[in-house]
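Undergrad: model-v9.tsv (TSV, C-alpha atoms) pasted underneath:
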chain	number	residue	atom	x	y	z
A	1	MET	CA	0.00	0.00	0.00
A	2	ARG	CA	1.45	3.18	-1.07
A	3	LYS	CA	1.87	5.94	1.41
A	4	ALA	CA	0.58	9.28	0.26
A	5	LEU	CA	3.20	11.97	0.22
A	6	VAL	CA	1.98	14.97	2.08
A	7	LYS	CA	3.68	18.23	1.62
A	8	ASN	CA	4.68	19.61	4.90
A	9	PRO	CA	4.49	23.39	4.70
A	10	SER	CA	6.55	23.76	7.82
A	11	VAL	CA	9.60	22.43	6.03
A	12	ARG	CA	9.85	25.38	3.61
A	13	GLN	CA	8.71	28.00	6.10
A	14	PRO	CA	12.16	28.77	7.51
A	15	VAL	CA	13.53	29.36	4.00
A	16	ALA	CA	10.73	31.74	3.09
A	17	THR	CA	11.08	33.53	6.37
A	18	ALA	CA	14.81	34.04	5.84
A	19	GLU	CA	14.25	35.38	2.34
A	20	ARG	CA	11.63	37.83	3.61
A	21	ALA	CA	14.01	38.94	6.35
A	22	ARG	CA	16.79	39.57	3.82
A	23	SER	CA	14.45	41.51	1.54
A	24	ALA	CA	13.13	43.59	4.43
A	25	ARG	CA	16.65	44.29	5.75
A	26	PRO	CA	17.89	47.65	4.48
A	27	ASN	CA	20.82	47.81	2.15
A	28	ARG	CA	23.77	48.83	4.24
A	29	ARG	CA	25.72	50.04	1.23
A	30	ALA	CA	22.83	52.25	0.13
A	31	ILE	CA	22.50	53.65	3.67
A	32	ALA	CA	26.24	54.27	3.82
A	33	ARG	CA	26.19	56.06	0.47
A	34	GLU	CA	23.37	58.49	1.36
A	35	PRO	CA	25.24	60.36	4.17
A	36	SER	CA	28.34	60.48	2.00
A	37	GLN	CA	26.35	62.07	-0.84
A	38	HIS	CA	24.77	64.58	1.59
A	39	ARG	CA	28.19	65.57	2.85
A	40	MET	CA	29.45	66.07	-0.68
A	41	LEU	CA	26.46	68.28	-1.52
A	42	TRP	CA	27.01	70.40	1.62
A	43	CYS	CA	30.69	70.78	0.78
A	44	VAL	CA	29.84	71.91	-2.75
A	45	LEU	CA	27.26	74.41	-1.44
A	46	LEU	CA	29.69	75.79	1.14
A	47	ALA	CA	32.36	76.16	-1.52
A	48	LEU	CA	29.94	78.03	-3.78
A	49	LEU	CA	28.79	80.31	-0.95
A	50	THR	CA	32.37	81.04	0.05
A	51	GLY	CA	33.25	81.86	-3.54
A	52	LEU	CA	30.25	84.15	-3.91
A	53	SER	CA	30.97	86.01	-0.66
A	54	GLY	CA	34.61	86.39	-1.69
A	55	SER	CA	33.56	87.73	-5.09
A	56	ALA	CA	31.11	90.16	-3.43
A	57	GLY	CA	33.83	91.37	-1.03
A	58	LEU	CA	36.27	91.84	-3.90
A	59	ALA	CA	33.66	93.73	-5.94
A	60	GLU	CA	32.84	95.96	-2.96
A	61	SER	CA	36.53	96.69	-2.32
A	62	THR	CA	37.06	97.50	-5.99
A	63	SER	CA	34.02	99.78	-6.00
A	64	LYS	CA	35.29	101.67	-2.93
A	65	GLU	CA	38.71	102.14	-4.52
A	66	GLN	CA	37.10	103.44	-7.71
A	67	MET	CA	34.94	105.89	-5.74
A	68	GLN	CA	37.95	107.16	-3.79
A	69	SER	CA	39.89	107.57	-7.03
A	70	LEU	CA	36.93	109.45	-8.56
A	71	ASP	CA	36.66	111.74	-5.52
A	72	THR	CA	40.38	112.50	-5.76
A	73	GLN	CA	40.06	113.35	-9.44
A	74	VAL	CA	37.05	115.63	-8.75
A	75	GLN	CA	38.97	117.47	-6.02
A	76	GLU	CA	41.95	117.93	-8.34
A	77	ILE	CA	39.67	119.29	-11.09
A	78	LYS	CA	38.05	121.70	-8.61
A	79	SER	CA	41.46	122.91	-7.49
A	80	ASP	CA	42.57	123.42	-11.10
A	81	VAL	CA	39.36	125.32	-11.92
A	82	LEU	CA	39.76	127.61	-8.89
A	83	SER	CA	43.39	128.25	-9.79
A	84	ILE	CA	42.46	129.09	-13.38
A	85	ALA	CA	39.63	131.36	-12.18
A	86	ALA	CA	42.02	133.23	-9.87
A	87	GLU	CA	44.51	133.71	-12.71
A	88	LEU	CA	41.73	134.96	-15.02
A	89	ASN	CA	40.56	137.42	-12.35
A	90	LEU	CA	44.09	138.79	-11.98
A	91	LEU	CA	44.44	139.09	-15.76
A	92	GLU	CA	41.06	140.82	-16.01
A	93	GLU	CA	42.03	143.20	-13.21
A	94	LYS	CA	45.29	144.07	-14.96
A	95	LEU	CA	43.43	144.72	-18.21
A	96	LEU	CA	40.63	146.75	-16.60
A	97	TYR	CA	42.76	148.54	-14.03
A	98	PRO	CA	46.29	149.23	-15.32
A	99	SER	CA	48.86	149.86	-12.60
A	100	ASP	CA	49.35	153.51	-13.55
A	101	THR	CA	45.65	154.31	-12.91
A	102	GLN	CA	44.55	151.64	-10.42
A	103	VAL	CA	43.22	152.54	-6.97
A	104	SER	CA	41.80	150.11	-4.40
A	105	VAL	CA	40.01	150.97	-1.15
A	106	PHE	CA	39.93	148.54	1.80
A	107	VAL	CA	37.78	148.59	4.95
A	108	SER	CA	38.69	147.11	8.34
A	109	LEU	CA	37.82	147.60	12.02
A	110	ALA	CA	40.23	148.82	14.66
A	111	GLU	CA	41.71	146.00	16.74
A	112	GLY	CA	39.22	144.77	19.36
A	113	GLU	CA	36.48	147.07	18.02
A	114	PRO	CA	32.96	145.60	18.55
A	115	LEU	CA	31.32	148.05	16.14
A	116	ASN	CA	28.32	146.60	14.24
A	117	LEU	CA	28.35	148.14	10.77
A	118	ASP	CA	25.14	148.85	8.89
A	119	TRP	CA	26.68	150.29	5.72
A	120	VAL	CA	29.71	152.10	4.30
A	121	ARG	CA	29.65	154.55	1.38
A	122	ILE	CA	32.74	155.65	-0.55
A	123	GLY	CA	33.16	158.67	-2.86
A	124	ILE	CA	36.18	159.86	-4.84
A	125	ASP	CA	36.42	163.43	-6.05
A	126	GLY	CA	32.76	164.01	-5.26
A	127	GLU	CA	31.54	160.94	-7.18
A	128	PRO	CA	30.02	157.93	-5.31
A	129	VAL	CA	31.94	154.79	-6.25
A	130	ALA	CA	30.87	152.18	-3.66
A	131	HIS	CA	28.01	151.50	-1.23
A	132	HIS	CA	27.99	148.28	0.79
A	133	ILE	CA	25.37	146.98	3.27
A	134	TYR	CA	26.85	144.45	5.70
A	135	ALA	CA	25.50	141.01	6.55
A	136	PHE	CA	26.03	139.42	9.96
A	137	LYS	CA	28.78	137.09	8.72
A	138	GLU	CA	30.67	140.00	7.15
A	139	ILE	CA	30.50	141.98	10.41
A	140	GLU	CA	31.72	138.93	12.31
A	141	ALA	CA	34.64	138.51	9.88
A	142	LEU	CA	35.64	142.18	10.25
A	143	GLN	CA	35.47	141.96	14.05
A	144	LYS	CA	37.85	138.97	13.87
A	145	GLY	CA	40.42	141.02	11.95
A	146	GLY	CA	39.22	140.55	8.36
A	147	VAL	CA	39.76	143.13	5.63
A	148	GLN	CA	37.26	143.95	2.88
A	149	ARG	CA	38.13	145.36	-0.52
A	150	ILE	CA	35.19	147.63	-1.08
A	151	TYR	CA	36.31	149.33	-4.31
A	152	THR	CA	38.77	149.04	-7.23
A	153	GLY	CA	38.81	151.57	-10.04
A	154	ASN	CA	40.85	153.90	-12.21
A	155	ILE	CA	41.94	157.45	-11.46
A	156	PRO	CA	44.66	159.61	-13.02
A	157	THR	CA	47.86	160.45	-11.21
A	158	GLY	CA	47.75	163.47	-8.94
A	159	GLU	CA	45.80	164.72	-5.89
A	160	HIS	CA	42.38	163.29	-5.07
A	161	GLN	CA	39.72	163.49	-2.36
A	162	LEU	CA	38.21	160.48	-0.61
A	163	ASP	CA	34.83	160.74	1.15
A	164	VAL	CA	33.84	158.01	3.64
A	165	SER	CA	30.39	157.72	5.25
A	166	VAL	CA	29.69	155.08	7.93
A	167	ALA	CA	26.52	153.99	9.77
A	168	GLY	CA	26.30	151.37	12.50
A	169	LYS	CA	25.63	150.62	16.15
A	170	LEU	CA	27.97	150.97	19.12
A	171	PRO	CA	28.16	148.36	21.92
A	172	GLY	CA	26.05	150.56	24.23
A	173	GLY	CA	23.24	150.64	21.68
A	174	SER	CA	23.84	154.20	20.44
A	175	GLU	CA	23.85	154.95	16.72
A	176	LEU	CA	26.96	155.80	14.69
A	177	ASP	CA	26.47	157.97	11.60
A	178	THR	CA	29.47	159.96	10.49
A	179	THR	CA	31.29	161.22	7.38
A	180	ARG	CA	34.90	162.24	6.90
A	181	SER	CA	36.96	163.42	3.94
A	182	PHE	CA	40.64	162.73	3.23
A	183	SER	CA	43.16	163.82	0.62
A	184	PHE	CA	45.56	161.39	-1.06
A	185	ARG	CA	47.92	161.38	-3.99
A	186	LYS	CA	47.96	158.86	-6.83
A	187	GLU	CA	51.39	157.99	-8.25
A	188	ILE	CA	52.26	155.81	-11.24
A	189	GLU	CA	52.12	152.57	-9.24
A	190	PRO	CA	48.80	151.12	-7.98
A	191	LYS	CA	47.32	153.02	-5.02
A	192	LEU	CA	46.04	151.07	-1.99
A	193	VAL	CA	43.97	153.03	0.54
A	194	SER	CA	43.03	151.59	3.94
A	195	ILE	CA	40.02	152.83	5.90
A	196	ILE	CA	40.04	151.88	9.60
A	197	LEU	CA	36.71	152.21	11.43
A	198	SER	CA	36.05	152.47	15.15
A	199	GLY	CA	33.43	153.66	17.61
A	200	GLN	CA	35.68	156.43	18.95
A	201	GLU	CA	35.17	160.16	18.34
A	202	THR	CA	37.31	160.09	15.20
A	203	GLY	CA	35.38	157.04	13.97
A	204	ILE	CA	37.20	156.86	10.63
A	205	GLN	CA	40.95	156.81	10.06
A	206	LEU	CA	42.92	156.65	6.83
A	207	GLY	CA	45.89	154.38	6.28
A	208	GLU	CA	48.01	153.32	3.30
A	209	TRP	CA	49.55	149.97	2.30
As structure tokens, what does this structure read like?
TA:
Amino acid sequence: MRKALVKNPSVRQPVATAERARSARPNRRAIAREPSQHRMLWCVLLALLTGLSGSAGLAESTSKEQMQSLDTQVQEIKSDVLSIAAELNLLEEKLLYPSDTQVSVFVSLAEGEPLNLDWVRIGIDGEPVAHHIYAFKEIEALQKGGVQRIYTGNIPTGEHQLDVSVAGKLPGGSELDTTRSFSFRKEIEPKLVSIILSGQETGIQLGEW
């Protein structure tokens, strides 16, 4: 009597279980590769960022150097323009006021004089030639020792009369309004006349340079 062969499922069960365990087990090589790839990506990104920041810093440094160079060039051009303008003014003055007929009148305050000028009027040989009304900054400059050229013109050689009228306020609040006349002689060379103002009785004094 033949015995029936019965398949015993329990015999193959361990094999199937082992296969499923191997398939479910993660691939160690794949897991090992992933962190390595992440590290490489981070390194590349850091390198790119470092390069970009370095390029930005270099560009900024170059831009600053260019701006400084441009500022220097602008200052040099300004200086050249001012120098040329001064030379042109001197040339114009020589052409308009030759030395043999030139006369210049200057105004200043006596040393330590706190006089506040309102205006000064100048006349030569009975003709008005200059009238100046003073701003606060001009008064402040005169009180600090500044000198103002109030008039430059042409007169022939010989004797002339200078009329000076001054109005202003004294430190005590009283008004100053006075006029004086002076005689001077014009020679061949340029004539420089200095007018010194004060709040004293004389008020106006004449000097020469």
Undergrad: For stretch 101-107 of chain A, list every protein, DNA or RNA residue within 6 Å, evaluated using all atoms listed in the file, and leave out those in the same chain fewer than 2 positions away; present the list as a list in words.
TA: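 Everything that qualifies: Tyr97, Pro98, Ser99, Val147, Gln148, Arg149, Ile150, Tyr151, Thr152, Gly153, Asn154, Ile155, Pro156, Pro190, Lys191, Leu192, Val193, Ser194 and Ile195 of chain A.
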Undergrad: If you measure from atom CA of A:Arg180 to atom CA of A:Gly126, what distance in Å do you get, rounded to one decimal?
TA: 12.5 Å
Undergrad: Report the distance between atom CA of A:Ala141 and atom CA of A:Val120 in Å, rounded to one decimal place.
TA: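 About the pair atom CA of A:Ala141 and atom CA of A:Val120: they are 15.5 Å apart.
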Undergrad: Find, counting all atoms listed in the file, the residue in A:Leu109, A:Ser198, A:Tyr134, A:Leu90 that gets nearest to A:Leu170.
TA: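 That would be A:Ser198, the residue with the smallest distance to A:Leu170.
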Undergrad: Can you work out which one of A:Ser108, A:Gln73, A:Ser174, A:Ser165 has the shortest atom-to-atom distance to A:Lys144, counting only C-alpha atoms?
TA: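 Among the listed residues, A:Ser108 lies closest to A:Lys144.
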Undergrad: With all atoms listed in the file as the basis for distance, which of A:Gly158, A:Leu115, A:Ala167, A:Leu96 is at the shortest distance from A:His131?
TA: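 Checking each of A:Gly158, A:Leu115, A:Ala167, A:Leu96 against A:His131, counting all atoms listed in the file, the winner is A:Ala167.
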Undergrad: I'd like the interatomic distance between atom CA of A:Glu127 and atom CA of A:Ile188, to a tenth of an Å.
TA: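 Between these atoms lies a distance of 21.7 Å.
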Undergrad: Could you check which of A:Ser79, A:Ser183, A:Gln68, A:Gln161 is closest to A:Gly123, using only C-alpha atoms?
TA: A:Gln161
Undergrad: Within 7 Å of A:His160, counting all atoms listed in the file, which residues qualify if same-chain residues fewer than 5 places away don't, as a list in words?
TA: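 Listing them by chain and then by number gives Asp125, Ser183, Phe184 and Arg185 of chain A.
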Undergrad: From the set A:Arg121, A:Ser181, A:Phe136, A:Ala110, which residue has the shortest atom-to-atom contact distance to A:Gln200, counting only C-alpha atoms?
TA: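 Of A:Arg121, A:Ser181, A:Phe136, A:Ala110, the one nearest A:Gln200, counting only C-alpha atoms, is A:Ala110.
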